[in-house]
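Asks: This one is entry_12.cif, mmCIF, C-alpha atoms.
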```
data_my_file
#
loop_
_atom_site.label_atom_id
_atom_site.label_comp_id
_atom_site.auth_asym_id
_atom_site.auth_seq_id
_atom_site.Cartn_x
_atom_site.Cartn_y
_atom_site.Cartn_z
CA MET G 1 -14.08 10.76 0.13
CA SER G 2 -10.84 10.00 -1.61
CA THR G 3 -9.25 13.07 -3.17
CA PRO G 4 -5.54 13.73 -3.57
CA THR G 5 -5.84 16.38 -0.84
CA ALA G 6 -7.65 14.13 1.64
CA ASP G 7 -5.34 11.23 0.81
CA PHE G 8 -2.23 13.37 1.26
CA ALA G 9 -3.43 14.53 4.67
CA ALA G 10 -4.20 10.94 5.71
CA ILE G 11 -0.86 9.58 4.46
CA THR G 12 0.98 12.39 6.23
CA ALA G 13 -0.84 11.64 9.49
CA PHE G 14 0.14 7.97 9.16
CA VAL G 15 3.83 8.44 8.40
CA LEU G 16 4.18 11.02 11.17
CA GLU G 17 2.48 8.61 13.59
CA LEU G 18 5.23 6.15 12.62
CA GLU G 19 7.76 8.53 14.18
CA LYS G 20 6.66 7.06 17.51
CA LEU G 21 8.05 3.62 16.68
CA LYS G 22 11.49 5.27 16.78
CA GLY G 23 10.87 5.70 20.50
CA VAL G 24 9.70 2.16 21.32
CA LEU G 25 12.67 0.44 22.93
CA ARG G 26 13.63 -3.23 22.72
CA LYS G 27 15.92 -5.31 24.91
CA ASN G 28 18.99 -5.35 22.66
CA ARG G 29 21.56 -2.58 22.48
CA PRO G 30 23.07 -1.86 19.05
CA LEU G 31 26.68 -3.12 19.00
CA GLY G 32 28.97 -0.33 20.14
CA GLN G 33 26.18 1.76 21.66
CA THR G 34 24.95 1.93 25.24
CA ARG G 35 21.33 2.81 24.39
CA TYR G 36 18.68 0.22 23.56
CA GLU G 37 17.66 -0.31 19.96
CA ASN G 38 14.22 0.89 18.90
CA THR G 39 11.63 -1.06 16.97
CA ALA G 40 11.89 1.08 13.83
CA GLU G 41 15.58 0.35 13.25
CA HIS G 42 15.03 -3.30 14.19
CA SER G 43 12.32 -3.52 11.52
CA TRP G 44 14.78 -2.24 8.94
CA GLN G 45 17.55 -4.62 9.96
CA ILE G 46 15.40 -7.74 9.79
CA CYS G 47 14.42 -6.89 6.23
CA LEU G 48 18.09 -7.03 5.29
CA LEU G 49 18.52 -10.30 7.15
CA ALA G 50 15.54 -11.66 5.22
CA MET G 51 17.10 -10.65 1.91
CA SER G 52 20.46 -12.14 2.96
CA VAL G 53 19.33 -15.66 3.87
CA LEU G 54 17.03 -16.24 0.92
CA PRO G 55 19.22 -18.95 -0.70
CA HIS G 56 18.88 -21.00 2.49
CA ALA G 57 15.08 -21.13 2.63
CA SER G 58 13.51 -24.57 2.39
CA GLU G 59 10.60 -23.23 0.32
CA PRO G 60 10.34 -20.62 -2.42
CA VAL G 61 9.09 -17.26 -1.18
CA GLU G 62 8.45 -13.89 -2.80
CA ILE G 63 11.02 -11.78 -0.94
CA GLY G 64 9.33 -8.49 -1.84
CA ALA G 65 6.23 -9.74 -0.03
CA VAL G 66 8.29 -10.95 2.95
CA VAL G 67 9.87 -7.56 3.52
CA GLN G 68 6.49 -5.83 3.39
CA LEU G 69 5.28 -8.14 6.17
CA LEU G 70 8.37 -7.32 8.21
CA LEU G 71 8.03 -3.58 7.62
CA VAL G 72 4.53 -3.46 9.13
CA HIS G 73 4.69 -6.28 11.68
CA ASP G 74 5.66 -4.25 14.75
CA ILE G 75 3.79 -1.00 14.02
CA PRO G 76 1.13 -1.77 16.69
CA GLU G 77 3.92 -1.54 19.29
CA ILE G 78 3.37 2.23 19.01
CA ASP G 79 0.41 1.69 21.35
CA ALA G 80 1.16 -1.72 22.86
CA GLY G 81 4.91 -1.42 23.51
CA ASP G 82 7.55 -4.09 22.96
CA VAL G 83 7.12 -7.30 24.89
CA ASN G 84 10.05 -9.67 25.34
CA VAL G 85 9.54 -12.87 23.39
CA TYR G 86 10.33 -14.85 26.56
CA ASP G 87 7.58 -13.10 28.57
CA ALA G 88 4.61 -15.41 27.88
CA ALA G 89 2.15 -13.59 30.14
CA GLY G 90 3.11 -10.24 28.70
CA ARG G 91 2.74 -11.54 25.15
CA ALA G 92 -0.77 -12.82 25.81
CA ALA G 93 -1.78 -9.54 27.45
CA ALA G 94 -0.44 -7.55 24.49
CA GLU G 95 -2.48 -9.34 21.84
CA ALA G 96 -5.74 -7.44 22.28
CA LYS G 97 -3.85 -4.16 22.57
CA GLU G 98 -1.99 -4.87 19.33
CA GLU G 99 -5.21 -5.66 17.48
CA ALA G 100 -6.76 -2.37 18.60
CA ALA G 101 -3.54 -0.54 17.76
CA ALA G 102 -3.41 -2.01 14.27
CA GLN G 103 -6.97 -0.87 13.62
CA ARG G 104 -6.25 2.61 14.93
CA ILE G 105 -2.93 3.21 13.20
CA PHE G 106 -3.61 1.63 9.79
CA GLY G 107 -7.00 3.35 10.05
CA LEU G 108 -5.22 6.69 9.70
CA LEU G 109 -4.54 5.87 6.04
CA PRO G 110 -6.92 6.21 3.10
CA ALA G 111 -9.35 3.29 3.47
CA GLU G 112 -8.07 0.95 0.76
CA THR G 113 -4.40 1.45 1.59
CA GLY G 114 -5.10 1.06 5.30
CA ALA G 115 -7.00 -2.18 4.70
CA GLN G 116 -4.07 -3.54 2.70
CA MET G 117 -1.58 -2.70 5.44
CA TYR G 118 -3.83 -4.14 8.12
CA ALA G 119 -4.07 -7.32 6.03
CA LEU G 120 -0.25 -7.49 5.86
CA TRP G 121 -0.07 -7.17 9.65
CA ARG G 122 -2.66 -9.94 10.12
CA GLU G 123 -0.78 -12.11 7.64
CA PHE G 124 2.45 -11.72 9.60
CA THR G 125 0.70 -12.33 12.91
CA THR G 126 -1.47 -15.33 12.06
CA GLY G 127 -0.88 -16.25 8.42
CA THR G 128 0.24 -19.66 7.19
CA SER G 129 1.77 -18.61 3.86
CA ALA G 130 5.42 -19.39 3.24
CA GLU G 131 6.08 -15.64 3.34
CA ALA G 132 4.52 -15.26 6.79
CA ARG G 133 6.41 -18.25 8.18
CA TYR G 134 9.64 -16.97 6.63
CA ALA G 135 9.10 -13.50 8.11
CA ARG G 136 8.38 -14.88 11.59
CA ALA G 137 11.55 -17.00 11.43
CA ILE G 138 13.60 -13.93 10.54
CA ASP G 139 12.09 -11.86 13.34
CA ARG G 140 13.27 -14.55 15.76
CA MET G 141 16.68 -15.08 14.21
CA MET G 142 17.89 -11.47 14.44
CA PRO G 143 18.02 -11.04 18.25
CA VAL G 144 19.64 -14.48 18.55
CA LEU G 145 22.39 -13.36 16.16
CA GLN G 146 22.75 -10.11 18.09
CA ASN G 147 23.07 -11.93 21.41
CA LEU G 148 25.47 -14.53 20.04
CA ASN G 149 27.76 -11.66 19.07
CA SER G 150 27.38 -9.31 22.04
CA ALA G 151 28.37 -11.71 24.83
CA GLY G 152 24.66 -12.39 25.34
CA GLN G 153 23.85 -8.81 26.32
CA SER G 154 20.04 -9.05 26.46
CA TRP G 155 20.11 -12.71 27.55
CA ARG G 156 22.24 -11.81 30.54
CA GLU G 157 20.29 -8.68 31.41
CA ASN G 158 17.08 -10.72 31.44
CA GLY G 159 18.34 -14.02 32.88
CA ILE G 160 17.53 -16.09 29.78
CA ARG G 161 18.47 -19.80 29.53
CA ILE G 162 19.28 -21.96 26.50
CA ASP G 163 16.14 -24.09 26.90
CA GLN G 164 14.02 -20.95 26.60
CA VAL G 165 15.90 -19.77 23.52
CA THR G 166 15.54 -23.17 21.90
CA ARG G 167 11.86 -23.61 22.76
CA MET G 168 10.90 -20.15 21.47
CA ASN G 169 13.04 -20.10 18.34
CA HIS G 170 13.66 -23.62 17.08
CA PRO G 171 10.11 -24.28 15.81
CA LYS G 172 9.98 -21.05 13.83
CA ILE G 173 13.52 -21.06 12.47
CA SER G 174 14.35 -24.68 11.74
CA GLY G 175 11.46 -25.44 9.40
CA MET G 176 12.30 -22.60 7.03
CA PHE G 177 16.09 -22.67 7.48
CA PRO G 178 17.00 -26.31 8.18
CA THR G 179 20.70 -25.87 7.35
CA LEU G 180 21.08 -22.74 9.50
CA TRP G 181 19.42 -23.91 12.69
CA PRO G 182 22.10 -26.53 13.55
CA GLN G 183 24.73 -23.79 13.38
CA ILE G 184 22.72 -21.54 15.64
CA GLU G 185 22.29 -24.45 18.04
CA GLN G 186 26.02 -25.10 18.08
CA GLN G 187 26.68 -21.43 18.84
CA LEU G 188 24.05 -21.44 21.60
CA ILE G 189 25.89 -24.30 23.30
CA ALA G 190 29.15 -22.37 23.02
CA ALA G 191 27.40 -19.30 24.49
CA VAL G 192 26.37 -21.33 27.55
CA ALA G 193 29.97 -22.52 27.94
CA ARG G 194 31.16 -18.89 27.87
CA GLY G 195 28.56 -17.83 30.42
CA ASP G 196 26.70 -15.61 27.94
CA LEU G 197 23.50 -17.67 28.20
CA GLY G 198 22.02 -19.59 31.12
CA ALA G 199 22.30 -23.39 31.27
CA ALA G 200 19.17 -25.48 30.73
CA GLN G 201 17.00 -26.15 33.73
CA ASP G 202 13.61 -27.72 34.40
CA GLU G 203 10.92 -25.15 35.10
CA MET Q 1 33.43 -21.78 -1.23
CA SER Q 2 29.75 -21.62 -0.47
CA THR Q 3 28.71 -23.93 2.35
CA PRO Q 4 25.94 -23.31 4.86
CA THR Q 5 28.63 -22.74 7.50
CA ALA Q 6 30.61 -20.21 5.45
CA ASP Q 7 27.42 -18.53 4.28
CA PHE Q 8 26.09 -18.26 7.82
CA ALA Q 9 29.31 -16.64 9.00
CA ALA Q 10 29.24 -14.19 6.09
CA ILE Q 11 25.57 -13.30 6.58
CA THR Q 12 26.16 -12.80 10.29
CA ALA Q 13 29.11 -10.50 9.60
CA PHE Q 14 26.94 -8.46 7.22
CA VAL Q 15 23.90 -8.05 9.47
CA LEU Q 16 26.10 -7.15 12.43
CA GLU Q 17 27.91 -4.57 10.29
CA LEU Q 18 24.47 -3.06 9.68
CA GLU Q 19 24.28 -2.27 13.40
CA LYS Q 20 26.48 0.71 12.57
CA LEU Q 21 23.79 2.38 10.45
CA LYS Q 22 21.84 2.75 13.71
CA GLY Q 23 24.56 5.19 14.74
CA VAL Q 24 24.68 7.31 11.58
CA LEU Q 25 22.79 10.50 12.37
CA ARG Q 26 20.70 12.62 10.03
CA LYS Q 27 19.52 16.21 10.34
CA ASN Q 28 15.91 15.55 11.42
CA ARG Q 29 14.84 14.82 14.96
CA PRO Q 30 12.01 12.29 15.41
CA LEU Q 31 8.85 14.16 16.47
CA GLY Q 32 8.73 14.34 20.25
CA GLN Q 33 12.41 13.43 20.69
CA THR Q 34 15.42 15.70 21.15
CA ARG Q 35 17.95 13.34 19.53
CA TYR Q 36 18.57 13.18 15.79
CA GLU Q 37 17.12 10.31 13.79
CA ASN Q 38 19.48 7.68 12.47
CA THR Q 39 19.66 6.33 8.95
CA ALA Q 40 18.42 2.84 9.87
CA GLU Q 41 15.09 4.05 11.24
CA HIS Q 42 14.79 6.54 8.35
CA SER Q 43 15.23 3.66 5.91
CA TRP Q 44 12.36 1.82 7.56
CA GLN Q 45 10.05 4.82 7.58
CA ILE Q 46 10.49 5.64 3.89
CA CYS Q 47 9.50 2.08 2.99
CA LEU Q 48 6.17 2.68 4.70
CA LEU Q 49 5.78 6.02 2.94
CA ALA Q 50 6.46 4.23 -0.35
CA MET Q 51 3.75 1.65 0.40
CA SER Q 52 1.32 4.42 1.43
CA VAL Q 53 1.48 6.61 -1.67
CA LEU Q 54 1.33 3.84 -4.26
CA PRO Q 55 -2.15 4.80 -5.57
CA HIS Q 56 -0.80 8.24 -6.45
CA ALA Q 57 2.08 7.13 -8.66
CA SER Q 58 1.96 8.24 -12.28
CA GLU Q 59 3.41 4.93 -13.49
CA PRO Q 60 2.95 1.33 -12.38
CA VAL Q 61 5.75 0.07 -10.14
CA GLU Q 62 6.45 -3.20 -8.35
CA ILE Q 63 6.30 -2.01 -4.75
CA GLY Q 64 8.19 -5.05 -3.40
CA ALA Q 65 11.09 -4.04 -5.63
CA VAL Q 66 10.85 -0.39 -4.55
CA VAL Q 67 11.14 -1.21 -0.87
CA GLN Q 68 14.19 -3.39 -1.50
CA LEU Q 69 15.87 -0.43 -3.18
CA LEU Q 70 15.00 1.78 -0.20
CA LEU Q 71 16.21 -0.79 2.32
CA VAL Q 72 19.72 -0.89 0.85
CA HIS Q 73 20.06 2.64 -0.52
CA ASP Q 74 21.78 4.26 2.48
CA ILE Q 75 23.90 1.33 3.70
CA PRO Q 76 27.14 2.90 2.36
CA GLU Q 77 26.60 5.74 4.86
CA ILE Q 78 28.14 3.33 7.38
CA ASP Q 79 31.49 4.40 5.94
CA ALA Q 80 30.63 7.65 4.16
CA GLY Q 81 28.27 9.26 6.70
CA ASP Q 82 25.08 11.17 5.99
CA VAL Q 83 25.39 14.24 3.80
CA ASN Q 84 22.65 16.85 3.76
CA VAL Q 85 20.84 16.87 0.44
CA TYR Q 86 21.36 20.67 0.24
CA ASP Q 87 25.15 20.33 0.61
CA ALA Q 88 26.19 20.01 -3.06
CA ALA Q 89 29.94 19.96 -2.42
CA GLY Q 90 29.54 17.38 0.33
CA ARG Q 91 27.36 15.20 -1.90
CA ALA Q 92 29.92 15.19 -4.70
CA ALA Q 93 32.75 14.38 -2.28
CA ALA Q 94 30.75 11.50 -0.82
CA GLU Q 95 30.16 9.68 -4.09
CA ALA Q 96 33.50 7.90 -4.35
CA LYS Q 97 33.37 7.03 -0.66
CA GLU Q 98 29.91 5.53 -1.07
CA GLU Q 99 31.01 3.42 -4.03
CA ALA Q 100 33.92 2.00 -2.03
CA ALA Q 101 31.66 1.47 0.97
CA ALA Q 102 29.08 -0.40 -1.08
CA GLN Q 103 31.78 -2.73 -2.39
CA ARG Q 104 33.17 -3.32 1.08
CA ILE Q 105 29.89 -3.84 2.93
CA PHE Q 106 27.94 -5.87 0.36
CA GLY Q 107 31.20 -7.76 -0.16
CA LEU Q 108 30.82 -9.20 3.34
CA LEU Q 109 27.96 -11.36 2.05
CA PRO Q 110 28.19 -14.62 0.12
CA ALA Q 111 29.21 -13.60 -3.40
CA GLU Q 112 25.93 -14.02 -5.24
CA THR Q 113 23.81 -12.39 -2.54
CA GLY Q 114 26.31 -9.56 -2.19
CA ALA Q 115 26.28 -8.93 -5.95
CA GLN Q 116 22.48 -8.76 -5.90
CA MET Q 117 22.47 -6.23 -3.07
CA TYR Q 118 25.16 -4.15 -4.70
CA ALA Q 119 23.07 -4.15 -7.89
CA LEU Q 120 20.06 -2.90 -5.90
CA TRP Q 121 22.18 -0.08 -4.49
CA ARG Q 122 23.44 0.88 -7.96
CA GLU Q 123 19.89 0.76 -9.28
CA PHE Q 124 18.73 3.18 -6.57
CA THR Q 125 21.70 5.46 -7.12
CA THR Q 126 21.81 5.67 -10.90
CA GLY Q 127 18.97 3.55 -12.31
CA THR Q 128 16.28 4.78 -14.66
CA SER Q 129 13.62 2.16 -13.93
CA ALA Q 130 10.25 3.36 -12.63
CA GLU Q 131 11.10 1.66 -9.32
CA ALA Q 132 14.36 3.60 -8.95
CA ARG Q 133 12.70 6.91 -9.79
CA TYR Q 134 9.85 6.13 -7.40
CA ALA Q 135 12.28 5.24 -4.61
CA ARG Q 136 14.32 8.42 -5.10
CA ALA Q 137 11.12 10.52 -4.99
CA ILE Q 138 10.13 8.89 -1.71
CA ASP Q 139 13.57 9.44 -0.18
CA ARG Q 140 13.14 13.15 -0.90
CA MET Q 141 9.52 13.40 0.18
CA MET Q 142 9.98 12.08 3.72
CA PRO Q 143 12.20 14.83 5.21
CA VAL Q 144 9.98 17.44 3.55
CA LEU Q 145 6.94 15.95 5.31
CA GLN Q 146 8.89 15.84 8.57
CA ASN Q 147 9.90 19.48 8.27
CA LEU Q 148 6.43 20.63 7.25
CA ASN Q 149 5.15 19.13 10.50
CA SER Q 150 7.95 20.04 12.93
CA ALA Q 151 7.94 23.82 12.41
CA GLY Q 152 10.78 23.31 9.93
CA GLN Q 153 13.18 21.89 12.52
CA SER Q 154 16.02 20.81 10.21
CA TRP Q 155 15.33 23.61 7.72
CA ARG Q 156 15.72 26.20 10.47
CA GLU Q 157 18.77 24.51 12.02
CA ASN Q 158 20.48 24.55 8.63
CA GLY Q 159 19.22 27.84 7.20
CA ILE Q 160 17.37 26.29 4.25
CA ARG Q 161 15.26 28.38 1.84
CA ILE Q 162 12.19 27.46 -0.21
CA ASP Q 163 14.04 27.84 -3.52
CA GLN Q 164 16.54 25.21 -2.37
CA VAL Q 165 13.79 22.83 -1.28
CA THR Q 166 11.96 23.27 -4.57
CA ARG Q 167 15.05 22.93 -6.73
CA MET Q 168 16.22 19.75 -4.99
CA ASN Q 169 12.88 18.02 -4.62
CA HIS Q 170 10.50 19.15 -7.33
CA PRO Q 171 12.20 17.32 -10.21
CA LYS Q 172 12.28 14.01 -8.34
CA ILE Q 173 8.84 14.16 -6.72
CA SER Q 174 6.59 15.82 -9.26
CA GLY Q 175 7.15 13.42 -12.13
CA MET Q 176 6.16 10.36 -10.14
CA PHE Q 177 3.55 12.04 -7.91
CA PRO Q 178 2.04 14.83 -10.01
CA THR Q 179 -1.07 15.22 -7.82
CA LEU Q 180 0.93 15.34 -4.58
CA TRP Q 181 3.58 17.88 -5.52
CA PRO Q 182 1.16 20.85 -5.78
CA GLN Q 183 0.02 20.15 -2.22
CA ILE Q 184 3.60 20.01 -0.98
CA GLU Q 185 4.30 23.27 -2.81
CA GLN Q 186 1.29 24.94 -1.18
CA GLN Q 187 2.48 23.79 2.24
CA LEU Q 188 6.02 25.04 1.52
CA ILE Q 189 4.62 28.51 0.83
CA ALA Q 190 2.68 28.38 4.10
CA ALA Q 191 5.88 27.28 5.89
CA VAL Q 192 7.69 30.37 4.61
CA ALA Q 193 4.81 32.54 5.84
CA ARG Q 194 5.11 30.97 9.30
CA GLY Q 195 8.88 31.47 9.35
CA ASP Q 196 9.62 27.74 9.32
CA LEU Q 197 11.47 27.96 5.99
CA GLY Q 198 13.57 30.74 4.49
CA ALA Q 199 12.14 32.96 1.76
CA ALA Q 200 13.46 32.59 -1.79
CA GLN Q 201 16.58 34.52 -2.72
CA ASP Q 202 18.90 34.70 -5.68
CA GLU Q 203 22.21 32.94 -5.12
#
```
Just give me the structure of the file as structure tokens.
Replies:
Amino acid sequence: MSTPTADFAAITAFVLELEKLKGVLRKNRPLGQTRYENTAEHSWQICLLAMSVLPHASEPVEIGAVVQLLLVHDIPEIDAGDVNVYDAAGRAAAEAKEEAAAQRIFGLLPAETGAQMYALWREFTTGTSAEARYARAIDRMMPVLQNLNSAGQSWRENGIRIDQVTRMNHPKISGMFPTLWPQIEQQLIAAVARGDLGAAQDE
Amino acid sequence: MSTPTADFAAITAFVLELEKLKGVLRKNRPLGQTRYENTAEHSWQICLLAMSVLPHASEPVEIGAVVQLLLVHDIPEIDAGDVNVYDAAGRAAAEAKEEAAAQRIFGLLPAETGAQMYALWREFTTGTSAEARYARAIDRMMPVLQNLNSAGQSWRENGIRIDQVTRMNHPKISGMFPTLWPQIEQQLIAAVARGDLGAAQDE
């Protein structure tokens, strides 16, 4: 039953559950800090990146919708943890966990609001709208920018090579940001030359 | 001159500058953690609170616009630091610093994008639109919810009383969320009874 009192209790339970995303650690360290960044602050930063690169998108998008996708997209990591984008086996294993987590966590909310947030999460994860493709490109672009400007901190710590970075990021980034990808590519090559990123090799 | 290369460099400088907000500490500790929360993760969390309470708003708002206000609203803290909402002298002293910080930080972006973000920040700070009033209510509601559910952690650490909480938050929250404020008020009274929040006193 939806009453202001029941809704307020449900909303409070949800936003307090979100506290846990502040403790889910990623592979990048914020510039100037020794700790690893958490998924909550990452989710904020990519929203700002999304708002910043809008003039370079190859298709019109509704940026207010994009940021809502980005705000919810990693919430299931509260249960499933963060999996490195270059860990294919780990990514596959996480999918079922993330689906269950999305149902549990968005299920804390009043029914209609929870269904809307779950739908945003599904849209980010599997959607084909311009907004979903834009959001997924942004989610990939941010750690590349961080690594390009931190002497490849998480690339080096995890032994990542340029062919992996290109294979995982080029398809998602270049379609939506065709004028930006060539610049990223150029900087990736320079990162290999500096030793910040591994050289290409056949697997 | 706006070229993809110049724009990419400017956007990169901006999003890397944002790394610093991950190191600006607030007065609340995330539930279950001993460290203080930072302003970046706070900015993310309030966006989700904003999306969660939408059905309870007393006026229609464009939620995509609200979250954009919330995403940028604390960026000037990179230079000006976080000031406790109950520290009136500190708040007044911070205003000029925040204005200068907004100009510096949004000024890192390509001109048009930077002007748009600066305008969003001004709108949050001084605007009278329903979206600005909604966003300011949310910014106030979140730490109250955190304190109500952490045995008043930051209230106790800073010696805060119920009359201060009411005076600072009631005007901003109750207008936009008239059915939620009475429930907050009831919980504030219970918090005083538990000793999580100071009793009212004349100043």
Asks: Please evaluate the PyMOL selection byres ((chain Q) within 6 of (chain G)) against the structure above and give the resulting residues as a PyMOL selection string.
Replies: chain Q and resi 19+30+40-41+44+64
Asks: Need to verify the contact set: Arg133 (chain Q), 10 Å, only C-alpha atoms, exclusion of same-chain residues closer than 2 positions in sequence. Can you return it as a PDB file with C-alpha atoms, keeping the file's coordinate frame?
Replies:
```
ATOM      1  CA  VAL Q  61       5.750   0.070 -10.140  1.00  0.00           C
ATOM      2  CA  VAL Q  66      10.850  -0.390  -4.550  1.00  0.00           C
ATOM      3  CA  GLU Q 123      19.890   0.760  -9.280  1.00  0.00           C
ATOM      4  CA  PHE Q 124      18.730   3.180  -6.570  1.00  0.00           C
ATOM      5  CA  THR Q 125      21.700   5.460  -7.120  1.00  0.00           C
ATOM      6  CA  THR Q 126      21.810   5.670 -10.900  1.00  0.00           C
ATOM      7  CA  GLY Q 127      18.970   3.550 -12.310  1.00  0.00           C
ATOM      8  CA  THR Q 128      16.280   4.780 -14.660  1.00  0.00           C
ATOM      9  CA  SER Q 129      13.620   2.160 -13.930  1.00  0.00           C
ATOM     10  CA  ALA Q 130      10.250   3.360 -12.630  1.00  0.00           C
ATOM     11  CA  GLU Q 131      11.100   1.660  -9.320  1.00  0.00           C
ATOM     12  CA  ALA Q 135      12.280   5.240  -4.610  1.00  0.00           C
ATOM     13  CA  ARG Q 136      14.320   8.420  -5.100  1.00  0.00           C
ATOM     14  CA  ALA Q 137      11.120  10.520  -4.990  1.00  0.00           C
ATOM     15  CA  ILE Q 138      10.130   8.890  -1.710  1.00  0.00           C
ATOM     16  CA  ASP Q 139      13.570   9.440  -0.180  1.00  0.00           C
ATOM     17  CA  LYS Q 172      12.280  14.010  -8.340  1.00  0.00           C
ATOM     18  CA  ILE Q 173       8.840  14.160  -6.720  1.00  0.00           C
ATOM     19  CA  GLY Q 175       7.150  13.420 -12.130  1.00  0.00           C
ATOM     20  CA  MET Q 176       6.160  10.360 -10.140  1.00  0.00           C
TER      21      MET Q 176
END
```
Asks: CA of Ala93 (chain Q) to CA of Leu25 (chain Q): how many Å, to one decimal?
Replies: 18.1 Å
Asks: Have a look at CA of Val85 (chain Q) and CA of Met168 (chain Q) and let me know their distance in Å, one decimal.
Replies: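 These atoms are spaced 7.7 Å apart.
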Asks: Need the shell around region 188-200 of chain Q: protein/DNA/RNA residues with any atom at most 7 Å away, counting all atoms listed in the file. Skip same-chain ones fewer than 5 positions apart. Format as a PyMOL selection string?
Replies: chain Q and resi 148+151-152+155-156+159-163
Asks: When you draw a straight line from CA of Gln153 (chain G) to CA of Tyr36 (chain G), how long is it in Å?
Replies: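 Distance reported for this atom pair: 10.8 Å.
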Asks: Box along x, y and z, 4 Å on every side, all listed atoms of region 34-50 of chain G inside: centre and edge lengths in Å to one decimal, as JSON.
Replies:
```
{"center_x": 18.3, "center_y": -4.4, "center_z": 15.2, "size_x": 21.3, "size_y": 22.5, "size_z": 28.0}
```
Asks: Calculated over all atoms listed in the file, which of the candidates G:Trp121, G:Ala94, G:Ala50, G:Ala57 has the smallest distance to Arg140 (chain G)?
Replies: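 Ranked by minimum distance to Arg140 (chain G), first place goes to G:Ala50.
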Asks: Using all atoms listed in the file, find the one residue out of G:Gln103, G:Ser58, G:Ser174, G:Thr166 that sits nearest to Val144 (chain G).
Replies: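 Nearest to Val144 (chain G): G:Thr166.
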